[in-house]
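Next up, query-v8.cif (mmCIF, C-alpha atoms):
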data_entry
#
loop_
_atom_site.label_atom_id
_atom_site.label_comp_id
_atom_site.auth_asym_id
_atom_site.auth_seq_id
_atom_site.Cartn_x
_atom_site.Cartn_y
_atom_site.Cartn_z
CA MET A 1 -21.26 -38.85 12.73
CA ASP A 2 -18.28 -38.64 15.06
CA ILE A 3 -16.69 -35.57 16.59
CA GLN A 4 -13.75 -35.36 14.19
CA LEU A 5 -15.98 -35.54 11.13
CA ILE A 6 -18.22 -32.82 12.55
CA LYS A 7 -15.25 -30.53 13.13
CA GLN A 8 -13.85 -31.30 9.68
CA ARG A 9 -17.19 -30.41 8.05
CA LEU A 10 -17.56 -27.14 9.95
CA ALA A 11 -14.02 -25.71 10.19
CA ARG A 12 -13.10 -22.74 8.00
CA PRO A 13 -9.79 -20.86 7.95
CA ALA A 14 -9.67 -17.19 8.87
CA VAL A 15 -7.27 -14.41 9.67
CA LYS A 16 -7.95 -12.22 12.69
CA PHE A 17 -6.65 -8.73 13.25
CA VAL A 18 -5.33 -7.04 16.37
CA ALA A 19 -5.23 -3.24 16.33
CA GLY A 20 -1.99 -1.54 17.32
CA GLY A 21 0.67 -2.69 19.73
CA PHE A 22 3.46 -2.04 17.24
CA ARG A 23 4.99 0.81 15.27
CA PRO A 24 3.45 1.23 11.80
CA SER A 25 5.76 0.67 8.84
CA GLY A 26 4.70 3.81 6.99
CA THR A 27 4.27 1.92 3.73
CA ASP A 28 1.17 1.43 1.59
CA GLU A 29 1.42 -2.33 2.16
CA GLU A 30 -0.19 -2.22 5.56
CA SER A 31 -3.71 -2.80 6.89
CA TRP A 32 -5.49 -0.29 9.10
CA LEU A 33 -8.69 0.37 10.97
CA GLY A 34 -9.95 3.93 11.18
CA ASN A 35 -7.72 5.02 8.32
CA VAL A 36 -7.81 4.86 4.52
CA PHE A 37 -4.97 6.47 2.58
CA VAL A 38 -4.80 4.68 -0.78
CA PHE A 39 -7.08 5.78 -3.61
CA ARG A 40 -7.17 5.86 -7.37
CA PRO A 41 -5.87 9.20 -8.65
CA ASP A 42 -9.42 10.38 -9.44
CA GLU A 43 -10.96 9.19 -6.17
CA GLY A 44 -11.65 10.89 -2.88
CA VAL A 45 -13.63 9.99 0.21
CA PRO A 46 -17.12 8.83 -0.91
CA THR A 47 -20.11 10.91 0.15
CA ASN A 48 -23.79 10.16 0.68
CA GLN A 49 -26.67 11.77 -1.21
CA ALA A 50 -26.56 14.74 1.16
CA GLY A 51 -22.92 15.35 0.30
CA GLN A 52 -21.65 14.21 3.71
CA PRO A 53 -18.40 12.22 3.64
CA LEU A 54 -18.47 8.63 4.83
CA LEU A 55 -16.09 7.64 7.59
CA PRO A 56 -12.93 5.65 6.74
CA TYR A 57 -13.35 2.35 8.57
CA ALA A 58 -10.75 0.00 7.16
CA GLN A 59 -7.99 -0.59 4.64
CA PHE A 60 -6.85 -4.17 4.05
CA PHE A 61 -3.69 -5.01 2.10
CA LEU A 62 -4.47 -8.59 1.13
CA PRO A 63 -1.12 -9.92 -0.23
CA ALA A 64 0.33 -9.65 3.28
CA MET A 65 -2.40 -11.85 4.80
CA PRO A 66 -1.76 -15.45 5.87
CA PHE A 67 -5.24 -16.19 4.47
CA SER A 68 -7.77 -14.41 2.29
CA SER A 69 -11.30 -15.30 1.26
CA PRO A 70 -11.69 -16.98 -2.16
CA LEU A 71 -14.20 -14.20 -2.92
CA LEU A 72 -11.33 -11.71 -2.72
CA GLU A 73 -9.21 -13.50 -5.31
CA GLY A 74 -7.51 -10.93 -7.50
CA VAL A 75 -8.12 -8.13 -4.98
CA ARG A 76 -4.94 -6.44 -3.76
CA VAL A 77 -6.42 -3.70 -1.56
CA LEU A 78 -9.89 -3.41 -0.06
CA THR A 79 -11.18 -0.25 1.64
CA VAL A 80 -14.36 0.36 3.63
CA PHE A 81 -16.31 3.58 4.25
CA ILE A 82 -19.49 3.79 6.38
CA SER A 83 -21.82 6.61 7.39
CA ASN A 84 -22.53 7.90 10.89
CA PRO A 85 -25.15 6.95 11.97
CA LEU A 86 -24.85 3.44 10.61
CA PRO A 87 -26.84 2.35 7.56
CA GLU A 88 -29.84 0.11 8.00
CA PRO A 89 -28.92 -3.61 7.99
CA PHE A 90 -28.90 -4.94 4.42
CA GLU A 91 -29.26 -1.42 3.00
CA PRO A 92 -27.86 -1.53 -0.57
CA MET A 93 -24.28 -0.35 -0.96
CA GLY A 94 -23.64 3.05 -2.51
CA ASN A 95 -25.18 5.80 -0.40
CA ASN A 96 -24.35 5.14 3.25
CA TRP A 97 -21.60 2.57 2.87
CA VAL A 98 -19.02 1.67 0.24
CA VAL A 99 -16.55 -1.19 -0.22
CA ARG A 100 -13.85 -0.50 -2.79
CA GLU A 101 -11.79 -3.29 -4.35
CA TYR A 102 -8.49 -2.73 -6.18
CA ALA A 103 -6.66 -5.23 -8.36
CA ALA A 104 -2.90 -5.57 -8.69
CA ASP A 105 -2.82 -3.51 -11.91
CA ASP A 106 -4.86 -0.59 -10.49
CA VAL A 107 -2.85 2.60 -10.16
CA LEU A 108 -3.14 3.77 -6.55
CA VAL A 109 -1.78 6.88 -4.89
CA ARG A 110 -1.38 7.85 -1.28
CA LYS A 111 -3.67 10.66 -0.09
CA ALA A 112 -4.22 12.24 3.31
CA LEU A 113 -7.98 12.92 3.34
CA PRO A 114 -9.12 13.39 6.94
CA VAL A 115 -12.87 13.40 7.58
CA ASP A 116 -14.27 15.91 10.05
CA GLY A 117 -16.25 14.24 12.81
CA SER A 118 -14.59 10.85 12.45
CA PHE A 119 -14.58 9.24 15.91
CA LEU A 120 -12.45 6.25 14.94
CA LYS A 121 -8.88 6.16 16.21
CA PRO A 122 -6.54 4.94 13.45
CA PHE A 123 -4.44 1.87 14.24
CA PRO A 124 -2.39 -0.45 12.03
CA LEU A 125 -3.38 -4.11 12.11
CA LYS A 126 -1.43 -7.22 12.96
CA ALA A 127 -2.75 -10.31 11.15
CA GLN A 128 -2.86 -13.72 12.83
CA ALA A 129 -3.80 -16.96 11.09
CA VAL A 130 -6.76 -18.89 12.52
CA PRO A 131 -6.60 -22.41 11.03
CA GLU A 132 -10.08 -23.33 12.27
CA ASP A 133 -13.00 -21.01 12.91
CA PHE A 134 -16.41 -22.49 13.72
CA PRO A 135 -19.95 -21.13 13.42
CA LEU A 136 -22.04 -19.99 16.35
CA TRP A 137 -24.80 -22.41 17.25
CA ASP A 138 -27.95 -20.31 16.85
CA GLY A 139 -28.26 -19.62 13.14
CA GLY A 140 -24.54 -19.13 12.71
CA GLY A 141 -24.06 -21.62 9.89
CA VAL A 142 -24.36 -25.14 11.36
CA PRO A 143 -26.13 -27.30 8.73
CA ALA A 144 -29.23 -29.15 9.88
CA ASP A 145 -27.70 -32.64 9.60
CA ILE A 146 -24.66 -31.65 11.66
CA GLU A 147 -26.89 -29.93 14.21
CA GLN A 148 -28.82 -33.17 14.69
CA ALA A 149 -25.59 -35.16 14.99
CA ILE A 150 -24.33 -32.80 17.71
CA LEU A 151 -27.63 -33.03 19.60
CA THR A 152 -27.38 -36.82 19.43
CA LEU A 153 -23.88 -36.71 20.92
CA GLU A 154 -25.10 -34.39 23.68
CA ARG A 155 -28.04 -36.64 24.55
CA ALA A 156 -25.70 -39.65 24.63
CA GLY A 157 -23.42 -37.81 27.05
CA GLU A 158 -20.45 -37.97 24.69
CA ILE A 159 -20.03 -34.18 24.74
CA PRO A 160 -21.30 -31.62 27.30
CA SER A 161 -22.23 -29.06 24.60
CA TYR A 162 -21.40 -27.80 21.12
CA TYR A 163 -19.06 -25.15 22.51
CA ASP A 164 -16.91 -27.81 24.14
CA LEU A 165 -16.11 -28.97 20.61
CA VAL A 166 -15.31 -25.71 18.87
CA THR A 167 -13.95 -22.18 19.13
CA HIS A 168 -15.17 -19.03 17.43
CA THR A 169 -13.17 -15.90 16.56
CA TYR A 170 -15.09 -12.77 17.58
CA GLU A 171 -12.41 -10.24 16.60
CA HIS A 172 -11.96 -8.33 13.34
CA LYS A 173 -11.39 -11.00 10.72
CA ILE A 174 -11.44 -12.13 7.11
CA GLY A 175 -12.88 -15.58 6.52
CA GLY A 176 -14.38 -17.94 9.05
CA TYR A 177 -17.94 -17.28 10.22
CA PRO A 178 -19.87 -14.14 11.24
CA SER A 179 -20.08 -13.26 14.95
CA PHE A 180 -23.80 -12.83 15.43
CA CYS A 181 -24.96 -11.43 18.76
CA GLN A 182 -28.58 -12.47 18.16
CA SER A 183 -29.92 -15.39 16.12
CA GLY A 184 -28.08 -15.59 12.82
CA VAL A 185 -29.55 -14.33 9.56
CA ASP A 186 -29.24 -15.42 5.94
CA PRO A 187 -28.40 -12.57 3.54
CA GLY A 188 -29.78 -14.56 0.61
CA GLU A 189 -28.86 -17.27 -1.86
CA GLY A 190 -25.43 -16.87 -3.38
CA PHE A 191 -24.01 -14.63 -0.64
CA GLU A 192 -21.02 -15.85 1.35
CA PHE A 193 -19.51 -14.26 4.44
CA VAL A 194 -16.20 -12.49 3.76
CA PHE A 195 -15.12 -10.26 6.68
CA GLN A 196 -16.17 -8.37 9.79
CA ILE A 197 -15.17 -5.33 11.83
CA SER A 198 -16.03 -5.77 15.50
CA SER A 199 -16.57 -3.39 18.39
CA ASP A 200 -13.15 -2.43 19.75
CA ALA A 201 -12.48 0.09 22.53
CA LYS A 202 -8.95 0.70 21.24
CA ILE A 203 -10.23 2.18 17.98
CA ASN A 204 -13.23 3.78 19.73
CA LEU A 205 -15.73 1.62 17.86
CA ASN A 206 -18.90 0.39 19.51
CA VAL A 207 -21.34 -1.09 17.00
CA VAL A 208 -24.52 0.05 18.80
CA HIS A 209 -23.87 -2.17 21.82
CA SER A 210 -20.84 -4.46 21.41
CA GLY A 211 -21.89 -5.72 17.98
CA SER A 212 -20.01 -6.43 14.75
CA LEU A 213 -20.26 -5.14 11.19
CA MET A 214 -20.50 -8.23 8.98
CA PHE A 215 -19.94 -8.24 5.21
CA TRP A 216 -21.04 -10.81 2.61
CA LYS A 217 -20.33 -10.95 -1.12
CA HIS A 218 -22.36 -12.64 -3.85
CA ILE A 219 -20.45 -15.45 -5.52
CA GLU A 220 -21.73 -14.58 -9.01
CA THR A 221 -22.59 -10.88 -9.14
CA GLY A 222 -19.93 -9.57 -6.74
CA GLU A 223 -22.61 -7.57 -4.90
CA TRP A 224 -21.81 -6.74 -1.28
CA ALA A 225 -24.19 -6.98 1.68
CA LEU A 226 -23.79 -5.41 5.14
CA TYR A 227 -25.50 -6.57 8.33
CA TYR A 228 -24.94 -5.88 12.01
CA ASP A 229 -26.55 -6.82 15.28
CA PHE A 230 -25.72 -6.24 18.94
CA TYR A 231 -26.40 -7.36 22.49
#
Could the structure of this file be written out as structure tokens, please?
Amino acid sequence: MDIQLIKQRLARPAVKFVAGGFRPSGTDEESWLGNVFVFRPDEGVPTNQAGQPLLPYAQFFLPAMPFSSPLLEGVRVLTVFISNPLPEPFEPMGNNWVVREYAADDVLVRKALPVDGSFLKPFPLKAQAVPEDFPLWDGGGVPADIEQAILTLERAGEIPSYYDLVTHTYEHKIGGYPSFCQSGVDPGEGFEFVFQISSDAKINLNVVHSGSLMFWKHIETGEWALYYDFY
């Protein structure tokens, strides 16, 4: 297996997000971190079983994206709320974290619902297309046959290492591959990686110790899964 075929097999498109650096438009058709302001008329900020509000982490307006995951087909707006402290990795959605999906025909209204104690600094997002994102080597999604092909190329001296072949996007992103800090994990059969929110000093987010919040969705049931790790 040659280098070009390996890259072709592994590459996935993504869109990465940069927080701030421009004046927000003030419209509902904008993506944010640390801010959620669109809801259904009967919705508010979700709370946990103790009645404590979850923190608004993200609002993504998908039609404006240069790329979106196939698992978000038909989704116009996606919002994310997470507790402080963070949920346990792979804790079921509903109590300490919530992803809300809205279709094009959902009636949405703009609401200012600040959450006391939220440490996240709100910033609008600038989306940038990433034509090719590649998995991390250690459990990041490299299939066994491709892993062996890469090791063969390394032993033959044709490439110095896997990371001389590929690049990986560590920033906030939709699509591509998850940015594991430790060895990668498998959330289970049928789950595919959809997006991540990474540690970012600008928005005052440090996922334990420079980690990322990574989100998967089940291809059949639509169930969401949340995992994070850190250095």
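If you measure from each of A:Val80, A:Leu226, A:Leu108, A:Leu71 to Glu43 in chain A using all atoms listed in the file, the closest one turns out to be A:Leu108.
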Checklist entry - Nearest to Thr169 in chain A: which of A:Ala14, A:Ala58, A:Ala112, A:Ile197 is it, counting all atoms listed in the file? => result A:Ala14
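Residues captured in this structure file are Phe60, Phe61, Leu62, Pro63, Ser68, Ser69, Pro70, Leu71, Arg76, Val77, Leu78, Arg100, Glu101, Tyr102, Ala103, Ala104, Asp105, Asp106, Ile174, Val194, Lys217 and Gly222 of chain A, according to the PyMOL selection byres ((chain A and resi 72-75) around 10).
For the structure in this document, the set picked by the PyMOL selection byres ((chain A and resi 218) around 9) is Leu71, Gly188, Glu189, Gly190, Phe191, Glu192, Phe193, Trp216, Lys217, Ile219, Glu220, Thr221, Gly222, Glu223, Trp224 and Ala225 of chain A.
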Checklist entry - Near Gly184 in chain A, within 9 Å and counting all atoms listed in the file, which residues show up once chain neighbours fewer than 3 positions away are dropped, as a VMD selection string? => result chain A and resid 136 to 141 178 to 181
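Remark: for Pro187 in chain A, the closest of the candidate residues A:Pro46, A:Pro41, A:Pro160, A:Pro89 is A:Pro89 (distances computed over all atoms listed in the file).
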